[in-house]
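What follows is one structure encoded as structure tokens, with my remarks underneath.
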Amino acid sequence: MMALSRGLRFCARVFSWIPVLIITCVVLWSYYAYVFELCLFTISNMLEKVAYLVVFHVCFLMFSWTYWKSIFTPPASPCKKFQLSYSDKEHYEMEERSDVQKQILVDIAKRLPIFTRAASGAIRFCDRCQVLKPDRSHHCSVCEACVLKMDHHCPWVNNCVGFSNYKFFLLFLSYSMVYCVFITATVFRYFIKFWVGDMPNGNAKFHVLFLMFVALMFFVSLMFLFGYHCWLVAKNRSTLEAFSAPVFTSGPDRNGFNMGMKRNLQQVFGEDKRLWFIPVCSSQGDGHYFPVRNLNESSTSLLANEKWEEDEEEESDDENMGRDRDPSVTIEMGEEEE
């Protein structure tokens with residue numbers, strides 16, 4: 001059974017790369033069709049040819065760079081401070097009363113910048129990863145890990161989109177649209193000529209006609225997706241939070257993390273506007289703490305965050321003792337939140 005399970009997981013991981021392979025093949029074909037069939041074999045004007053090739057390669061470079069970063073940037077997971085220490089694990093698993101177990105988690109959460117709750121009002125705890133979930137984090141069943149500020153798992157990048165790569169994902173969508181718009185705008189004139197028969201039939205005709213249709217099709221689909229994520233950034237929500245409002249101690253609040261347009265943009269892209277359109281890490285924070293809209297919770301969270309950062313500099317004696325004694329202690333109880 002174990003061998004069968006591992007075999008199925010391996011097959012699932014292999015098949016999960018199929019969407020990425022499809023996108024890669026389409027993009028490589030578009031490169032061939034545009035550079036060779038259109039620019040080198042069809043366009044006769046040298047100035048037009050050079051200008052198209054230069055701008056196209058800039059768009060292609062930025063598209064490829066952002067796509068690569070979206071795929072291969074590992075999703076960030078909660079740090080060790082959100083894991084139960086050895087003594088807390090021992091106390092938790094030995095306790096049989098559920099209300100006492102919940103109180104244990106509440107006491108631990110007081111030492112951490114955690115202000116969201118499960119729908120039941122309990123502390124959000126992942127029984128698979130054995131961590132208290134930081135605000136806005138969720139467990140991804142595909143990645144089999146808790147992801148900081150998880151937005152969604154995207155099959156087209158075969159990766160979880162979250163705190164560590166959300167900026168890259170947005171740039172990938174934007175540069176994909178630029179790539180499609182540039183191709184459509186420059187191919188259109190030759191598309192018409194081939195369509196009405198002003199240019200001779202050949203291999204270039206098929207590539208140019210098909211290139212136009214593919215670029216338009218991808219642009220329309222990307223336009224809606226990019227517009228939706230722009231709205232999410234403006235409201236400071238993730239895709240999961242748009243469908244299910246985060247729950248605070250005062251109750252559910254869809255605008256709980258909305259700090260205004262400017263600050264919302266800075267959380268994702270950073271304060272240095274020169275880095276906004278470059279796929280380098282510039283997002284604010286570390287994904288474990290986010291300011292909240294409510295003034296009382298915001299001031300409380302700030303104090304808690306300062307205390308948490310001070311504690312982070314110290315090594316936990318309980319954790320050290322736990323690693324020496326029994327690192328395989330697990331908790332079998334808990335309610336998972338996907």
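Chain identifiers are assigned as A, B, and so on, following the order in which chains appear in the structure tokens; residues are numbered from 1 within each chain, and ligands are numbered from 1 in order of appearance.
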All residues 10 Å or closer to Val268 in chain A, only C-alpha atoms, same chain fewer than 4 positions away omitted, as a PyMOL selection string
chain A and resi 163-168+170+233+236+263-264+276+281-285
What's the 10 Å shell around Tyr67 in chain A, counting only C-alpha atoms, without same-chain residues fewer than 2 positions away, as a count of residues only?
22
Could you pull out the helix (DSSP H, G or I) residues of range 63-273 of chain A, going by DSSP on the backbone, and write them as a VMD selection string?
chain A and resid 63 to 72 80 to 82 86 to 94 98 to 109 166 to 196 203 to 235 239 to 243 261 to 269 273
Output file for the selection above: C-alpha atoms, as a compact mmCIF listing (two decimals), in the first residue's frame:
# COMPACT_ATOMS: atom_id res chain seq x y z
CA PHE A 63 7.42 37.48 -19.58
CA SER A 64 9.87 34.58 -19.24
CA TRP A 65 11.52 36.07 -16.16
CA THR A 66 8.26 36.60 -14.27
CA TYR A 67 6.92 33.20 -15.31
CA TRP A 68 10.09 31.52 -14.07
CA LYS A 69 9.90 33.35 -10.73
CA SER A 70 6.22 32.42 -10.32
CA ILE A 71 6.99 28.74 -10.90
CA PHE A 72 10.23 28.26 -8.99
CA LYS A 80 9.41 27.60 13.96
CA LYS A 81 7.88 30.11 16.36
CA PHE A 82 4.44 28.95 15.21
CA TYR A 86 8.14 20.09 23.05
CA SER A 87 6.48 20.87 26.37
CA ASP A 88 3.40 22.33 24.63
CA LYS A 89 3.12 19.26 22.41
CA GLU A 90 3.41 16.96 25.41
CA HIS A 91 0.82 18.95 27.35
CA TYR A 92 -1.52 19.12 24.35
CA GLU A 93 -1.48 15.43 23.43
CA MET A 94 -1.79 14.23 27.01
CA SER A 98 -11.10 19.39 23.94
CA ASP A 99 -11.92 22.64 25.76
CA VAL A 100 -8.62 22.46 27.64
CA GLN A 101 -6.76 21.75 24.40
CA LYS A 102 -8.35 24.82 22.83
CA GLN A 103 -7.26 26.89 25.82
CA ILE A 104 -3.69 25.62 25.43
CA LEU A 105 -3.69 26.90 21.85
CA VAL A 106 -5.17 30.22 23.01
CA ASP A 107 -2.41 30.66 25.58
CA ILE A 108 0.26 29.91 22.97
CA ALA A 109 -1.35 32.31 20.46
CA TYR A 166 2.29 36.97 -5.32
CA LYS A 167 4.13 39.99 -6.74
CA PHE A 168 5.79 37.75 -9.33
CA PHE A 169 2.42 36.25 -10.26
CA LEU A 170 0.87 39.69 -10.79
CA LEU A 171 3.83 40.76 -12.92
CA PHE A 172 3.55 37.52 -14.87
CA LEU A 173 -0.09 38.33 -15.68
CA SER A 174 0.73 41.91 -16.64
CA TYR A 175 3.70 41.06 -18.87
CA SER A 176 1.69 38.24 -20.45
CA MET A 177 -0.91 40.82 -21.45
CA VAL A 178 1.78 43.17 -22.78
CA TYR A 179 3.25 40.27 -24.77
CA CYS A 180 -0.12 39.42 -26.29
CA VAL A 181 -1.02 43.06 -27.02
CA PHE A 182 2.29 43.72 -28.75
CA ILE A 183 1.96 40.61 -30.91
CA THR A 184 -1.64 41.47 -31.83
CA ALA A 185 -0.83 45.09 -32.68
CA THR A 186 2.17 44.28 -34.88
CA VAL A 187 0.75 41.19 -36.55
CA PHE A 188 -2.65 42.69 -37.40
CA ARG A 189 -1.56 44.42 -40.65
CA TYR A 190 0.01 41.24 -42.00
CA PHE A 191 -2.92 39.19 -40.75
CA ILE A 192 -5.24 41.27 -42.96
CA LYS A 193 -2.91 40.95 -45.95
CA PHE A 194 -2.77 37.18 -45.63
CA TRP A 195 -6.51 36.99 -45.02
CA VAL A 196 -7.47 38.92 -48.17
CA ASN A 203 4.26 28.51 -44.16
CA ALA A 204 4.23 32.10 -42.89
CA LYS A 205 0.52 32.47 -43.63
CA PHE A 206 -0.51 29.68 -41.27
CA HIS A 207 1.78 30.92 -38.47
CA VAL A 208 0.72 34.57 -38.76
CA LEU A 209 -3.01 33.78 -38.86
CA PHE A 210 -2.82 31.37 -35.96
CA LEU A 211 -0.54 33.72 -33.99
CA MET A 212 -3.18 36.43 -34.19
CA PHE A 213 -5.97 34.19 -32.92
CA VAL A 214 -3.89 32.73 -30.08
CA ALA A 215 -2.67 36.15 -28.91
CA LEU A 216 -6.23 37.52 -28.85
CA MET A 217 -7.58 34.46 -27.05
CA PHE A 218 -4.94 34.61 -24.33
CA PHE A 219 -5.31 38.39 -23.97
CA VAL A 220 -9.05 38.18 -23.31
CA SER A 221 -8.68 35.46 -20.68
CA LEU A 222 -5.74 37.24 -19.03
CA MET A 223 -7.57 40.56 -19.00
CA PHE A 224 -10.34 39.22 -16.76
CA LEU A 225 -7.93 37.38 -14.45
CA PHE A 226 -5.59 40.37 -14.15
CA GLY A 227 -8.51 42.74 -13.53
CA TYR A 228 -9.79 40.49 -10.75
CA HIS A 229 -6.39 40.39 -9.01
CA CYS A 230 -6.03 44.17 -9.35
CA TRP A 231 -9.32 44.47 -7.48
CA LEU A 232 -8.04 42.05 -4.82
CA VAL A 233 -4.85 44.08 -4.35
CA ALA A 234 -6.84 47.31 -4.09
CA LYS A 235 -8.99 45.73 -1.35
CA THR A 239 -8.73 34.91 -3.47
CA LEU A 240 -9.61 32.76 -0.44
CA GLU A 241 -10.56 35.84 1.61
CA ALA A 242 -12.77 37.09 -1.23
CA PHE A 243 -14.84 33.91 -0.98
CA MET A 261 -5.04 51.86 -1.70
CA LYS A 262 -1.52 53.20 -1.17
CA ARG A 263 -0.62 50.97 1.76
CA ASN A 264 -2.26 47.95 0.11
CA LEU A 265 -0.06 48.39 -2.96
CA GLN A 266 3.03 48.85 -0.79
CA GLN A 267 2.35 45.59 1.05
CA VAL A 268 2.58 43.70 -2.26
CA PHE A 269 5.09 45.73 -4.27
CA LYS A 273 8.45 52.22 -6.85
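The interatomic distance for the pair CA of Cys79 in chain A and CA of Phe257 in chain A works out to 21.4 Å.
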